[in-house]
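The structure file data-v3.cif is reproduced below (mmCIF, C-alpha atoms and all ligand atoms).
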data_query
#
loop_
_atom_site.label_atom_id
_atom_site.label_comp_id
_atom_site.auth_asym_id
_atom_site.auth_seq_id
_atom_site.Cartn_x
_atom_site.Cartn_y
_atom_site.Cartn_z
CA MET A 1 -10.90 2.10 -2.60
CA SER A 2 -12.53 -1.33 -2.85
CA VAL A 3 -10.39 -4.42 -3.13
CA ALA A 4 -11.79 -5.20 -6.59
CA CYS A 5 -10.98 -1.73 -7.91
CA TRP A 6 -7.55 -1.82 -6.35
CA LEU A 7 -6.78 -5.20 -7.96
CA THR A 8 -7.86 -3.91 -11.35
CA ILE A 9 -5.47 -0.98 -11.09
CA ASN A 10 -2.78 -3.36 -9.93
CA SER A 11 -3.04 -5.62 -12.96
CA TRP A 12 -3.43 -2.66 -15.32
CA LEU A 13 -0.18 -1.20 -14.02
CA LEU A 14 1.67 -4.47 -14.22
CA GLY A 15 0.28 -6.59 -16.99
CA GLU A 16 1.71 -9.71 -15.44
CA ARG A 17 2.91 -11.00 -12.12
CA ARG A 18 6.53 -11.46 -11.11
CA LEU A 19 6.32 -12.65 -7.54
CA ASN A 20 6.92 -16.36 -7.64
CA LYS A 21 5.41 -17.00 -4.22
CA LYS A 22 2.03 -18.13 -3.02
CA THR A 23 -0.33 -15.37 -1.98
CA VAL A 24 -3.50 -15.13 0.11
CA ARG A 25 -5.39 -16.08 -3.04
CA ASP A 26 -3.68 -19.51 -3.08
CA VAL A 27 -4.81 -20.66 0.37
CA ASP A 28 -8.23 -21.30 1.86
CA VAL A 29 -8.52 -18.74 4.63
CA SER A 30 -12.14 -19.26 5.52
CA GLY A 31 -12.60 -20.19 9.17
CA LYS A 32 -8.82 -20.00 9.71
CA ARG A 33 -6.82 -17.89 12.13
CA VAL A 34 -4.57 -15.86 9.88
CA LEU A 35 -1.51 -14.10 11.35
CA VAL A 36 -0.60 -11.11 9.21
CA ARG A 37 2.67 -9.18 9.49
CA VAL A 38 1.87 -5.61 8.48
CA ASP A 39 4.01 -2.48 8.50
CA PHE A 40 2.13 -0.09 10.77
CA ASN A 41 5.30 1.84 11.61
CA VAL A 42 3.50 5.16 11.30
CA PRO A 43 4.38 8.63 12.63
CA LEU A 44 2.55 9.57 15.86
CA SER A 45 2.09 12.90 17.57
CA ASP A 46 0.33 13.06 20.95
CA ASP A 47 -1.05 9.56 20.41
CA ILE A 48 -2.58 10.49 17.07
CA VAL A 49 -1.50 8.89 13.80
CA THR A 50 -0.32 11.83 11.68
CA ASP A 51 0.09 9.87 8.44
CA ASN A 52 -2.00 6.73 7.95
CA SER A 53 -0.67 5.78 4.48
CA ARG A 54 0.94 2.57 5.69
CA ILE A 55 -2.26 1.47 7.41
CA ARG A 56 -4.30 2.24 4.30
CA ALA A 57 -1.80 0.28 2.19
CA ALA A 58 -2.55 -2.87 4.20
CA LEU A 59 -6.35 -2.57 3.92
CA PRO A 60 -6.80 -4.63 0.74
CA THR A 61 -5.31 -7.70 2.46
CA VAL A 62 -7.08 -7.11 5.76
CA GLU A 63 -10.44 -6.52 4.07
CA TYR A 64 -9.99 -9.56 1.82
CA LEU A 65 -9.38 -11.76 4.87
CA ILE A 66 -12.36 -10.32 6.75
CA ASN A 67 -14.64 -10.77 3.73
CA ASN A 68 -13.46 -14.35 3.28
CA GLY A 69 -14.33 -15.38 6.81
CA ALA A 70 -10.88 -15.47 8.39
CA LYS A 71 -9.98 -14.48 11.95
CA VAL A 72 -7.42 -11.78 11.36
CA ILE A 73 -4.52 -11.39 13.79
CA LEU A 74 -2.31 -8.43 12.90
CA MET A 75 1.23 -7.72 14.12
CA SER A 76 3.63 -4.86 13.51
CA HIS A 77 6.60 -3.00 14.92
CA LEU A 78 6.51 0.72 15.72
CA GLY A 79 9.63 2.84 16.10
CA ARG A 80 12.69 1.71 18.02
CA PRO A 81 11.56 1.06 21.60
CA LYS A 82 14.04 -0.10 24.22
CA GLY A 83 12.00 -2.84 25.86
CA VAL A 84 8.41 -1.95 26.74
CA GLU A 85 7.83 1.81 26.37
CA ASP A 86 4.32 3.18 26.60
CA LYS A 87 4.83 5.78 23.90
CA PHE A 88 5.43 2.96 21.42
CA ARG A 89 2.20 1.09 22.18
CA LEU A 90 -0.05 0.37 19.20
CA ASP A 91 -3.33 1.69 20.70
CA PRO A 92 -3.46 4.78 18.45
CA VAL A 93 -2.81 2.51 15.46
CA ALA A 94 -5.67 0.20 16.47
CA GLN A 95 -7.97 3.22 16.71
CA GLU A 96 -6.95 4.48 13.29
CA LEU A 97 -7.37 1.01 11.78
CA ALA A 98 -10.84 0.65 13.33
CA ASP A 99 -11.85 4.02 11.84
CA LEU A 100 -10.58 3.01 8.40
CA LEU A 101 -12.21 -0.43 8.48
CA GLY A 102 -15.40 0.86 10.04
CA LYS A 103 -15.35 -2.02 12.50
CA GLU A 104 -14.04 -2.90 15.91
CA VAL A 105 -10.39 -3.81 16.32
CA ASN A 106 -9.41 -5.65 19.47
CA LYS A 107 -6.00 -4.50 20.70
CA ALA A 108 -3.91 -6.83 22.90
CA ASP A 109 -1.58 -5.28 25.48
CA SER A 110 1.13 -7.85 24.89
CA THR A 111 2.62 -9.53 21.86
CA VAL A 112 2.57 -13.15 23.02
CA GLY A 113 1.51 -15.00 26.16
CA ASP A 114 -1.68 -16.09 27.87
CA GLU A 115 -3.65 -12.86 27.43
CA VAL A 116 -3.03 -12.94 23.69
CA LYS A 117 -3.81 -16.64 23.40
CA GLU A 118 -7.12 -16.11 25.17
CA ALA A 119 -8.01 -13.18 22.94
CA ALA A 120 -7.16 -15.24 19.85
CA ASP A 121 -9.23 -18.20 21.06
CA LYS A 122 -12.27 -15.99 21.54
CA MET A 123 -12.21 -14.61 18.00
CA LYS A 124 -15.16 -15.04 15.66
CA LEU A 125 -15.05 -15.14 11.88
CA GLY A 126 -14.18 -11.69 10.51
CA ASP A 127 -12.81 -10.41 13.84
CA VAL A 128 -9.62 -8.37 13.92
CA LEU A 129 -7.04 -8.55 16.71
CA LEU A 130 -3.94 -6.34 16.78
CA LEU A 131 -0.99 -7.56 18.86
CA GLU A 132 1.25 -5.18 20.83
CA ASN A 133 4.47 -3.74 19.30
CA LEU A 134 6.64 -6.67 18.20
CA ARG A 135 9.80 -4.84 19.23
CA PHE A 136 8.79 -4.88 22.89
CA ASN A 137 10.17 -8.41 22.70
CA GLU A 138 13.92 -8.85 22.11
CA GLY A 139 13.25 -12.03 20.18
CA GLU A 140 11.82 -10.02 17.28
CA LYS A 141 15.03 -8.46 15.99
CA GLU A 142 17.09 -11.50 16.97
CA ASN A 143 14.80 -13.74 14.91
CA ASP A 144 14.55 -15.93 17.99
CA PRO A 145 12.93 -19.28 17.10
CA GLY A 146 11.14 -19.47 20.46
CA PHE A 147 9.48 -16.10 19.92
CA ALA A 148 8.61 -16.96 16.32
CA LYS A 149 7.02 -20.22 17.50
CA GLN A 150 4.94 -18.40 20.14
CA LEU A 151 3.63 -16.07 17.43
CA ALA A 152 2.99 -18.94 15.05
CA ASP A 153 1.07 -20.87 17.71
CA LEU A 154 -1.64 -18.20 17.56
CA ALA A 155 -2.63 -19.06 14.00
CA ASP A 156 -3.10 -21.54 11.14
CA ILE A 157 -1.72 -19.46 8.29
CA TYR A 158 0.92 -16.71 8.07
CA VAL A 159 0.70 -13.77 5.67
CA ASN A 160 3.53 -11.30 5.10
CA ASP A 161 2.21 -7.94 3.92
CA ALA A 162 4.96 -5.82 5.50
CA PHE A 163 6.94 -4.93 2.42
CA GLY A 164 8.71 -2.07 4.22
CA ALA A 165 10.20 -4.50 6.76
CA SER A 166 10.86 -7.45 4.45
CA HIS A 167 14.57 -6.70 4.03
CA ARG A 168 15.00 -7.55 7.72
CA ALA A 169 15.41 -11.14 8.90
CA HIS A 170 13.29 -10.69 12.03
CA ALA A 171 11.12 -13.27 13.79
CA SER A 172 7.80 -11.93 12.48
CA ILE A 173 9.19 -11.62 8.94
CA VAL A 174 11.22 -14.81 8.56
CA GLY A 175 10.97 -16.99 11.67
CA VAL A 176 7.19 -17.50 11.73
CA GLY A 177 7.31 -18.96 8.23
CA ASN A 178 9.15 -22.00 9.63
CA TYR A 179 6.06 -23.04 11.56
CA LEU A 180 3.10 -22.08 9.36
CA PRO A 181 2.11 -22.13 5.70
CA ALA A 182 3.49 -18.72 4.64
CA VAL A 183 2.06 -16.58 1.83
CA ALA A 184 2.26 -13.02 0.55
CA GLY A 185 -0.37 -10.32 1.05
CA PHE A 186 -1.53 -8.01 -1.73
CA LEU A 187 0.72 -5.11 -0.78
CA LEU A 188 3.85 -7.23 -0.72
CA GLU A 189 2.87 -8.73 -4.04
CA LYS A 190 2.18 -5.36 -5.63
CA GLU A 191 5.45 -3.85 -4.39
CA VAL A 192 7.58 -6.76 -5.60
CA ASP A 193 5.75 -7.00 -8.94
CA THR A 194 6.01 -3.29 -9.65
CA LEU A 195 9.61 -2.86 -8.61
CA THR A 196 10.84 -5.97 -10.42
CA SER A 197 8.94 -5.05 -13.54
CA ILE A 198 10.79 -1.74 -13.85
CA LEU A 199 14.04 -3.63 -13.70
CA GLU A 200 13.01 -6.08 -16.38
CA ASP A 201 11.53 -4.01 -19.11
CA PRO A 202 11.33 -0.27 -18.52
CA LYS A 203 9.96 2.05 -21.18
CA ARG A 204 12.86 4.19 -22.32
CA PRO A 205 14.41 6.60 -21.68
CA PHE A 206 14.62 5.31 -18.12
CA VAL A 207 15.90 7.98 -15.75
CA ALA A 208 16.83 7.39 -12.11
CA ILE A 209 17.19 10.26 -9.66
CA LEU A 210 19.08 9.60 -6.46
CA GLY A 211 19.66 11.93 -3.55
CA GLY A 212 19.40 11.85 0.21
CA SER A 213 22.08 11.92 2.79
CA LYS A 214 24.33 8.92 2.38
CA VAL A 215 26.22 7.42 -0.53
CA SER A 216 26.81 4.34 1.59
CA ASP A 217 23.06 3.61 1.71
CA LYS A 218 22.71 3.87 -2.02
CA ILE A 219 25.96 2.90 -3.72
CA GLY A 220 24.64 -0.64 -4.32
CA VAL A 221 21.63 0.61 -6.19
CA ILE A 222 23.74 3.12 -8.12
CA ASP A 223 25.86 0.25 -9.38
CA SER A 224 22.81 -1.80 -10.46
CA PHE A 225 21.14 1.23 -12.00
CA LEU A 226 24.19 1.73 -14.22
CA ASP A 227 23.23 -1.60 -15.83
CA ILE A 228 19.68 -0.56 -16.66
CA VAL A 229 19.11 3.20 -16.83
CA ASP A 230 19.71 5.65 -19.65
CA ALA A 231 20.49 8.53 -17.32
CA LEU A 232 21.24 8.91 -13.63
CA LEU A 233 20.75 12.26 -11.88
CA ILE A 234 22.54 12.70 -8.56
CA GLY A 235 21.68 15.31 -5.94
CA GLY A 236 21.30 15.63 -2.17
CA GLY A 237 24.06 15.25 0.36
CA MET A 238 25.53 12.31 -1.48
CA CYS A 239 26.49 14.31 -4.57
CA PHE A 240 29.42 15.84 -2.71
CA THR A 241 31.30 12.56 -2.42
CA PHE A 242 30.88 12.25 -6.20
CA LEU A 243 32.03 15.84 -6.71
CA LYS A 244 35.05 15.18 -4.52
CA ALA A 245 35.81 12.09 -6.63
CA LYS A 246 35.86 14.43 -9.64
CA GLY A 247 38.40 16.65 -7.91
CA PHE A 248 36.17 19.45 -6.57
CA GLU A 249 36.57 20.91 -3.10
CA VAL A 250 33.30 20.56 -1.18
CA GLY A 251 33.86 22.71 1.91
CA ASN A 252 31.76 21.55 4.85
CA SER A 253 29.30 19.60 2.72
CA LEU A 254 28.44 16.00 3.62
CA LEU A 255 31.34 13.83 2.55
CA GLU A 256 32.03 10.14 2.95
CA GLU A 257 35.79 9.92 2.48
CA ASP A 258 35.77 6.14 2.42
CA LYS A 259 33.29 6.09 -0.45
CA ILE A 260 35.20 8.39 -2.81
CA ASP A 261 36.75 5.41 -4.60
CA LEU A 262 33.37 3.76 -5.10
CA CYS A 263 32.05 7.02 -6.57
CA ARG A 264 35.04 7.18 -8.91
CA GLN A 265 34.33 3.61 -10.03
CA ALA A 266 30.68 4.48 -10.65
CA ILE A 267 31.72 7.50 -12.74
CA GLU A 268 34.06 5.25 -14.78
CA LYS A 269 31.41 2.57 -15.22
CA ALA A 270 28.96 5.19 -16.52
CA GLU A 271 31.56 6.42 -19.02
CA GLN A 272 32.34 2.91 -20.24
CA LYS A 273 28.68 2.09 -20.67
CA ASP A 274 27.90 5.45 -22.21
CA ILE A 275 25.29 6.24 -19.57
CA ALA A 276 24.69 9.88 -18.74
CA LEU A 277 25.64 10.37 -15.08
CA TYR A 278 24.67 13.89 -14.06
CA LEU A 279 26.15 15.76 -11.11
CA PRO A 280 25.14 19.28 -10.03
CA SER A 281 26.92 22.20 -11.70
CA ASP A 282 25.77 24.65 -9.01
CA VAL A 283 24.57 24.35 -5.42
CA VAL A 284 23.00 26.41 -2.64
CA VAL A 285 25.50 26.78 0.19
CA ALA A 286 25.22 28.03 3.78
CA LYS A 287 27.37 27.95 6.87
CA GLU A 288 24.79 26.07 8.89
CA ILE A 289 21.60 24.07 8.44
CA SER A 290 19.05 26.58 9.73
CA PRO A 291 16.17 28.66 8.35
CA GLU A 292 18.01 31.86 9.30
CA ALA A 293 21.41 30.99 7.83
CA GLU A 294 22.73 33.23 5.07
CA ALA A 295 22.61 31.23 1.82
CA MET A 296 23.99 31.75 -1.69
CA VAL A 297 24.29 29.93 -5.00
CA VAL A 298 27.78 28.97 -6.17
CA GLY A 299 29.27 26.86 -8.95
CA VAL A 300 30.54 23.48 -7.75
CA ASN A 301 34.06 24.62 -8.62
CA SER A 302 33.85 27.42 -6.04
CA ILE A 303 32.30 26.06 -2.85
CA PRO A 304 33.91 28.24 -0.19
CA GLU A 305 35.73 26.72 2.75
CA GLY A 306 33.47 26.55 5.83
CA TRP A 307 30.25 26.47 3.74
CA ALA A 308 28.12 23.39 3.07
CA GLY A 309 26.09 22.53 -0.02
CA LEU A 310 22.47 22.08 1.10
CA ASP A 311 20.52 22.06 -2.17
CA ILE A 312 21.07 21.86 -5.91
CA GLY A 313 21.22 25.22 -7.68
CA PRO A 314 19.04 26.77 -10.44
CA ASP A 315 21.27 25.74 -13.38
CA THR A 316 21.27 22.16 -12.14
CA ILE A 317 17.50 22.24 -11.69
CA SER A 318 17.05 23.38 -15.25
CA VAL A 319 19.32 20.65 -16.69
CA TYR A 320 17.69 17.95 -14.52
CA ARG A 321 14.21 19.17 -15.52
CA GLY A 322 15.14 18.72 -19.19
CA VAL A 323 16.29 15.13 -18.63
CA ILE A 324 13.19 14.31 -16.58
CA ASN A 325 10.93 15.79 -19.26
CA SER A 326 12.26 13.43 -21.89
CA ALA A 327 11.90 10.30 -19.70
CA GLN A 328 9.33 7.52 -20.14
CA THR A 329 10.16 5.79 -16.85
CA ILE A 330 11.43 7.53 -13.72
CA PHE A 331 12.61 6.16 -10.40
CA TRP A 332 13.28 8.66 -7.62
CA ASN A 333 14.77 8.06 -4.18
CA GLY A 334 16.29 10.70 -1.94
CA PRO A 335 15.65 14.47 -1.63
CA MET A 336 17.84 16.87 -3.62
CA GLY A 337 18.55 19.02 -0.57
CA VAL A 338 17.53 19.73 3.01
CA PHE A 339 13.90 20.09 1.90
CA GLU A 340 12.67 20.33 5.49
CA ILE A 341 13.96 23.95 5.52
CA ASP A 342 12.33 26.26 2.99
CA GLN A 343 15.44 27.97 1.72
CA PHE A 344 16.98 24.59 0.84
CA SER A 345 13.81 22.96 -0.48
CA ARG A 346 13.56 24.38 -3.98
CA GLY A 347 15.66 21.69 -5.70
CA THR A 348 13.53 18.89 -4.24
CA GLU A 349 10.27 20.69 -5.01
CA GLU A 350 11.28 21.43 -8.62
CA ILE A 351 12.47 17.90 -9.26
CA ALA A 352 9.32 16.45 -7.69
CA SER A 353 7.16 18.76 -9.84
CA ALA A 354 9.12 17.87 -12.95
CA ILE A 355 8.50 14.16 -12.25
CA ALA A 356 4.80 14.83 -11.63
CA GLU A 357 4.47 16.80 -14.88
CA SER A 358 6.58 14.47 -17.04
CA GLY A 359 3.82 12.05 -18.02
CA ALA A 360 6.31 9.22 -17.49
CA THR A 361 5.63 6.12 -15.38
CA SER A 362 7.03 7.31 -12.08
CA ILE A 363 8.07 5.31 -9.05
CA VAL A 364 9.11 6.93 -5.79
CA GLY A 365 10.55 5.18 -2.73
CA GLY A 366 12.08 6.32 0.57
CA GLY A 367 10.51 7.77 3.70
CA ASP A 368 11.88 11.29 3.27
CA SER A 369 11.20 11.40 -0.46
CA ILE A 370 7.57 10.50 0.23
CA ALA A 371 7.43 13.12 2.99
CA ALA A 372 8.69 15.64 0.40
CA LEU A 373 6.00 14.59 -2.09
CA LYS A 374 3.40 15.12 0.62
CA LYS A 375 4.83 18.50 1.60
CA PHE A 376 4.55 19.66 -2.01
CA ARG A 377 1.16 17.96 -2.49
CA LEU A 378 2.32 15.88 -5.43
CA GLU A 379 1.60 12.33 -4.22
CA ASP A 380 -1.42 11.94 -6.47
CA LYS A 381 0.65 12.60 -9.56
CA ILE A 382 3.03 9.68 -9.05
CA SER A 383 2.27 6.29 -10.65
CA PHE A 384 3.59 4.17 -7.79
CA ILE A 385 4.76 5.12 -4.32
CA SER A 386 6.64 2.33 -2.59
CA THR A 387 5.92 1.89 1.11
CA GLY A 388 9.45 0.61 1.68
CA GLY A 389 12.62 2.70 1.47
CA GLY A 390 15.35 0.22 2.34
CA ALA A 391 13.36 -2.73 1.02
CA SER A 392 12.74 -1.10 -2.35
CA LEU A 393 16.42 -0.25 -2.76
CA GLU A 394 17.51 -3.79 -1.90
CA LEU A 395 15.06 -5.19 -4.42
CA LEU A 396 16.30 -2.80 -7.10
CA GLU A 397 19.87 -3.85 -6.31
CA GLY A 398 18.73 -7.28 -7.45
CA ARG A 399 18.82 -8.80 -3.97
CA THR A 400 16.21 -11.23 -2.69
CA LEU A 401 14.42 -9.98 0.40
CA PRO A 402 14.51 -12.40 3.38
CA GLY A 403 10.79 -11.79 3.97
CA VAL A 404 10.02 -12.86 0.41
CA GLU A 405 12.34 -15.83 0.44
CA ALA A 406 10.59 -17.19 3.55
CA LEU A 407 7.27 -17.60 1.68
CA MET A 408 6.02 -20.76 -0.07
CA ASP A 409 6.95 -21.04 -3.74
CA LYS A 410 4.26 -20.96 -6.37
CA ILE A 411 4.30 -24.33 -8.07
P1 LIG B 1 14.90 8.73 1.80
O1 LIG B 1 14.31 8.60 3.20
O2 LIG B 1 13.94 9.32 0.83
O3 LIG B 1 15.52 7.44 1.33
P2 LIG B 1 17.38 9.73 2.87
O4 LIG B 1 16.97 9.24 4.21
O5 LIG B 1 18.49 9.04 2.20
O6 LIG B 1 16.09 9.79 1.91
O7 LIG B 1 17.81 11.26 2.96
C1 LIG B 1 16.95 12.25 3.39
C2 LIG B 1 17.66 13.31 4.18
O8 LIG B 1 18.77 13.83 3.46
C3 LIG B 1 16.75 14.50 4.45
O9 LIG B 1 16.52 14.59 5.83
C4 LIG B 1 17.51 15.69 3.92
O10 LIG B 1 17.46 16.82 4.78
C5 LIG B 1 18.92 15.16 3.83
N1 LIG B 1 19.73 15.88 2.84
C6 LIG B 1 19.46 16.05 1.54
N2 LIG B 1 20.40 16.82 0.95
C7 LIG B 1 21.28 17.14 1.91
C8 LIG B 1 22.49 17.91 1.93
N3 LIG B 1 22.95 18.51 0.84
N4 LIG B 1 23.15 18.02 3.10
C9 LIG B 1 22.68 17.41 4.22
N5 LIG B 1 21.55 16.67 4.27
C10 LIG B 1 20.87 16.53 3.12
MG MG B 2 15.21 8.58 5.15
#
Rewrite the structure from the file as structure tokens, please.
Ligand code: ADP
Ligand code: MG
Amino acid sequence: MSVACWLTINSWLLGERRLNKKTVRDVDVSGKRVLVRVDFNVPLSDDIVTDNSRIRAALPTVEYLINNGAKVILMSHLGRPKGVEDKFRLDPVAQELADLLGKEVNKADSTVGDEVKEAADKMKLGDVLLLENLRFNEGEKENDPGFAKQLADLADIYVNDAFGASHRAHASIVGVGNYLPAVAGFLLEKEVDTLTSILEDPKRPFVAILGGSKVSDKIGVIDSFLDIVDALLIGGGMCFTFLKAKGFEVGNSLLEEDKIDLCRQAIEKAEQKDIALYLPSDVVVAKEISPEAEAMVVGVNSIPEGWAGLDIGPDTISVYRGVINSAQTIFWNGPMGVFEIDQFSRGTEEIASAIAESGATSIVGGGDSIAALKKFRLEDKISFISTGGGASLELLEGRTLPGVEALMDKI
């Protein structure tokens, strides 16, 4: 998609802007070396990028900078390397980016140092240089000022377009901004604008659907959602801590004992505020998480000892579908079951289809939820897919992301 077309869709979806920070539009990039933090943390298999969504999401900013005569220096992390590990090098990413841009991308073999400096000095207007994996250097995660300064010394302007990493106070996200004029890229802007706009003025009914494995990851957002949604549907592994809080026995299902009280408080808050908090009435149980395991549907009041709930059941699906159908705005994060295994995937597939068919404005965040959408070929039917799981949840909790805070204010 061209930048112009993409921007039109952006403003059509949003109406107005919420991000109160300067963006690439507010600085003169022509002839400048522009250091851009992107989130190219993509899945690889045998040195091939198996899902290039995150690279494609950064293209509007990269193409804008190229077309406006900047020298574009890109940096990203990939995976969780321990020091320098060849399998975490960014060469396959550079190749994929070059294919998408239809132009050469120069890939450096280190992140900072003489080789990189030389490569940066040689750049011509419109050139693209990709630095090596930021996490090869310990200074990245530690937000080490020395490392941030070395990165900053490569450029004249800093752009953060790595929404998916902006909840982390790392050197390339926060530190670099201390040394260079720091502005937002288009992806960061679009993510923040879209996610904050649903908090401010959602079309109602506004329904949130939360699942996934851990209550502890999501209890913060549950609490904030109880201030803004009309209904909250809970599924996935985290529903069992809620069910336990209601007095049900959950067998071997995922349970976070130390979060039972928080779940109880959430249930009480929903009652006080008259918000419909839905929990499953039936679940698919099995003795182990495997494609061959014997599985059966049981009511949540009769989960047998030694069995674990691995998906929501058919009655629950039908109730949840009804709520989703009546919604005008939907936010979904977290699969309803172990969707990676077919016999536990039906709940997630049905809920994803219901969202796709609802006609509501739909927003989906979370790595596994997006993987589920892809598996069921429903991505195209969602209004907005956030590239950041943790970052989107923190924003929806009402927190300010460190990577946003570090940017220059719009005056
Ligand atoms: P997201 O990445 O979308 O934020 P999470 O990472 O929180 O989602 O959770 C996704 C994981 O939760 C999936 O790998 C899925 O298999 C797992 N999961 C969902 N339901 C259950 C369950 N009932 N028991 C165990 N694991 C579950
Ligand atoms: Mg996940």
Completion exercise
The distance between CA of Val112 (chain A) and CA of Glu63 (chain A) is 23.9 Å
Practice task
Give the answer as one residue: which of A:Gly211, A:Gln328, A:Leu407, A:Glu268 has the shortest atom-to-atom distance to ligand MG 2 (chain B), using all atoms listed in the file?
Solution key: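 Checking each of A:Gly211, A:Gln328, A:Leu407, A:Glu268 against ligand MG 2 (chain B), counting all atoms listed in the file, the winner is A:Gly211.
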Practice task
Could I get the residue neighbourhood of ligand MG 2 (chain B) at 7 Å, counting all atoms listed in the file, as a PyMOL selection string?
Solution key: chain A and resi 366-368
Problem - Expected answer as number ranges by chain: residues within 10 Å of ligand LIG 1 (chain B), all atoms listed in the file - result: A: 210-218, 235-240, 252-255, 283-285, 289, 308-312, 332-341, 344-345, 347-348, 364-373, 388-390, 392-393
Using C-alpha atoms, can you write the selected residues to a file as a PDB file, in the coordinates of the input?
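Output file result13.pdb is given in full below:
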ATOM      1  CA  LEU A 210      19.080   9.600  -6.460  1.00  0.00           C
ATOM      2  CA  GLY A 211      19.660  11.930  -3.550  1.00  0.00           C
ATOM      3  CA  GLY A 212      19.400  11.850   0.210  1.00  0.00           C
ATOM      4  CA  SER A 213      22.080  11.920   2.790  1.00  0.00           C
ATOM      5  CA  LYS A 214      24.330   8.920   2.380  1.00  0.00           C
ATOM      6  CA  VAL A 215      26.220   7.420  -0.530  1.00  0.00           C
ATOM      7  CA  SER A 216      26.810   4.340   1.590  1.00  0.00           C
ATOM      8  CA  ASP A 217      23.060   3.610   1.710  1.00  0.00           C
ATOM      9  CA  LYS A 218      22.710   3.870  -2.020  1.00  0.00           C
ATOM     10  CA  GLY A 235      21.680  15.310  -5.940  1.00  0.00           C
ATOM     11  CA  GLY A 236      21.300  15.630  -2.170  1.00  0.00           C
ATOM     12  CA  GLY A 237      24.060  15.250   0.360  1.00  0.00           C
ATOM     13  CA  MET A 238      25.530  12.310  -1.480  1.00  0.00           C
ATOM     14  CA  CYS A 239      26.490  14.310  -4.570  1.00  0.00           C
ATOM     15  CA  PHE A 240      29.420  15.840  -2.710  1.00  0.00           C
ATOM     16  CA  ASN A 252      31.760  21.550   4.850  1.00  0.00           C
ATOM     17  CA  SER A 253      29.300  19.600   2.720  1.00  0.00           C
ATOM     18  CA  LEU A 254      28.440  16.000   3.620  1.00  0.00           C
ATOM     19  CA  LEU A 255      31.340  13.830   2.550  1.00  0.00           C
ATOM     20  CA  VAL A 283      24.570  24.350  -5.420  1.00  0.00           C
ATOM     21  CA  VAL A 284      23.000  26.410  -2.640  1.00  0.00           C
ATOM     22  CA  VAL A 285      25.500  26.780   0.190  1.00  0.00           C
ATOM     23  CA  ILE A 289      21.600  24.070   8.440  1.00  0.00           C
ATOM     24  CA  ALA A 308      28.120  23.390   3.070  1.00  0.00           C
ATOM     25  CA  GLY A 309      26.090  22.530  -0.020  1.00  0.00           C
ATOM     26  CA  LEU A 310      22.470  22.080   1.100  1.00  0.00           C
ATOM     27  CA  ASP A 311      20.520  22.060  -2.170  1.00  0.00           C
ATOM     28  CA  ILE A 312      21.070  21.860  -5.910  1.00  0.00           C
ATOM     29  CA  TRP A 332      13.280   8.660  -7.620  1.00  0.00           C
ATOM     30  CA  ASN A 333      14.770   8.060  -4.180  1.00  0.00           C
ATOM     31  CA  GLY A 334      16.290  10.700  -1.940  1.00  0.00           C
ATOM     32  CA  PRO A 335      15.650  14.470  -1.630  1.00  0.00           C
ATOM     33  CA  MET A 336      17.840  16.870  -3.620  1.00  0.00           C
ATOM     34  CA  GLY A 337      18.550  19.020  -0.570  1.00  0.00           C
ATOM     35  CA  VAL A 338      17.530  19.730   3.010  1.00  0.00           C
ATOM     36  CA  PHE A 339      13.900  20.090   1.900  1.00  0.00           C
ATOM     37  CA  GLU A 340      12.670  20.330   5.490  1.00  0.00           C
ATOM     38  CA  ILE A 341      13.960  23.950   5.520  1.00  0.00           C
ATOM     39  CA  PHE A 344      16.980  24.590   0.840  1.00  0.00           C
ATOM     40  CA  SER A 345      13.810  22.960  -0.480  1.00  0.00           C
ATOM     41  CA  GLY A 347      15.660  21.690  -5.700  1.00  0.00           C
ATOM     42  CA  THR A 348      13.530  18.890  -4.240  1.00  0.00           C
ATOM     43  CA  VAL A 364       9.110   6.930  -5.790  1.00  0.00           C
ATOM     44  CA  GLY A 365      10.550   5.180  -2.730  1.00  0.00           C
ATOM     45  CA  GLY A 366      12.080   6.320   0.570  1.00  0.00           C
ATOM     46  CA  GLY A 367      10.510   7.770   3.700  1.00  0.00           C
ATOM     47  CA  ASP A 368      11.880  11.290   3.270  1.00  0.00           C
ATOM     48  CA  SER A 369      11.200  11.400  -0.460  1.00  0.00           C
ATOM     49  CA  ILE A 370       7.570  10.500   0.230  1.00  0.00           C
ATOM     50  CA  ALA A 371       7.430  13.120   2.990  1.00  0.00           C
ATOM     51  CA  ALA A 372       8.690  15.640   0.400  1.00  0.00           C
ATOM     52  CA  LEU A 373       6.000  14.590  -2.090  1.00  0.00           C
ATOM     53  CA  GLY A 388       9.450   0.610   1.680  1.00  0.00           C
ATOM     54  CA  GLY A 389      12.620   2.700   1.470  1.00  0.00           C
ATOM     55  CA  GLY A 390      15.350   0.220   2.340  1.00  0.00           C
ATOM     56  CA  SER A 392      12.740  -1.100  -2.350  1.00  0.00           C
ATOM     57  CA  LEU A 393      16.420  -0.250  -2.760  1.00  0.00           C
TER      58      LEU A 393
END
Problem - Selection near Ile303 (chain A), 7 Å with only C-alpha atoms, sequence-local residues under 3 positions removed, as a PyMOL selection string - result: chain A and resi 249-251+298-300+307
Problem - For Val323 (chain A): contacts at 9 Å, only C-alpha atoms, fewer than 6 positions along chain excluded, given as a ChimeraX atom specification - result: /A:207,231,233
Those same residues, written as an mmCIF file, keeping the file's coordinate frame with C-alpha atoms?
data_model
loop_
_atom_site.group_PDB
_atom_site.id
_atom_site.type_symbol
_atom_site.label_atom_id
_atom_site.label_comp_id
_atom_site.auth_asym_id
_atom_site.auth_seq_id
_atom_site.Cartn_x
_atom_site.Cartn_y
_atom_site.Cartn_z
ATOM 1 C CA VAL A 207 15.900 7.980 -15.750
ATOM 2 C CA ALA A 231 20.490 8.530 -17.320
ATOM 3 C CA LEU A 233 20.750 12.260 -11.880
#
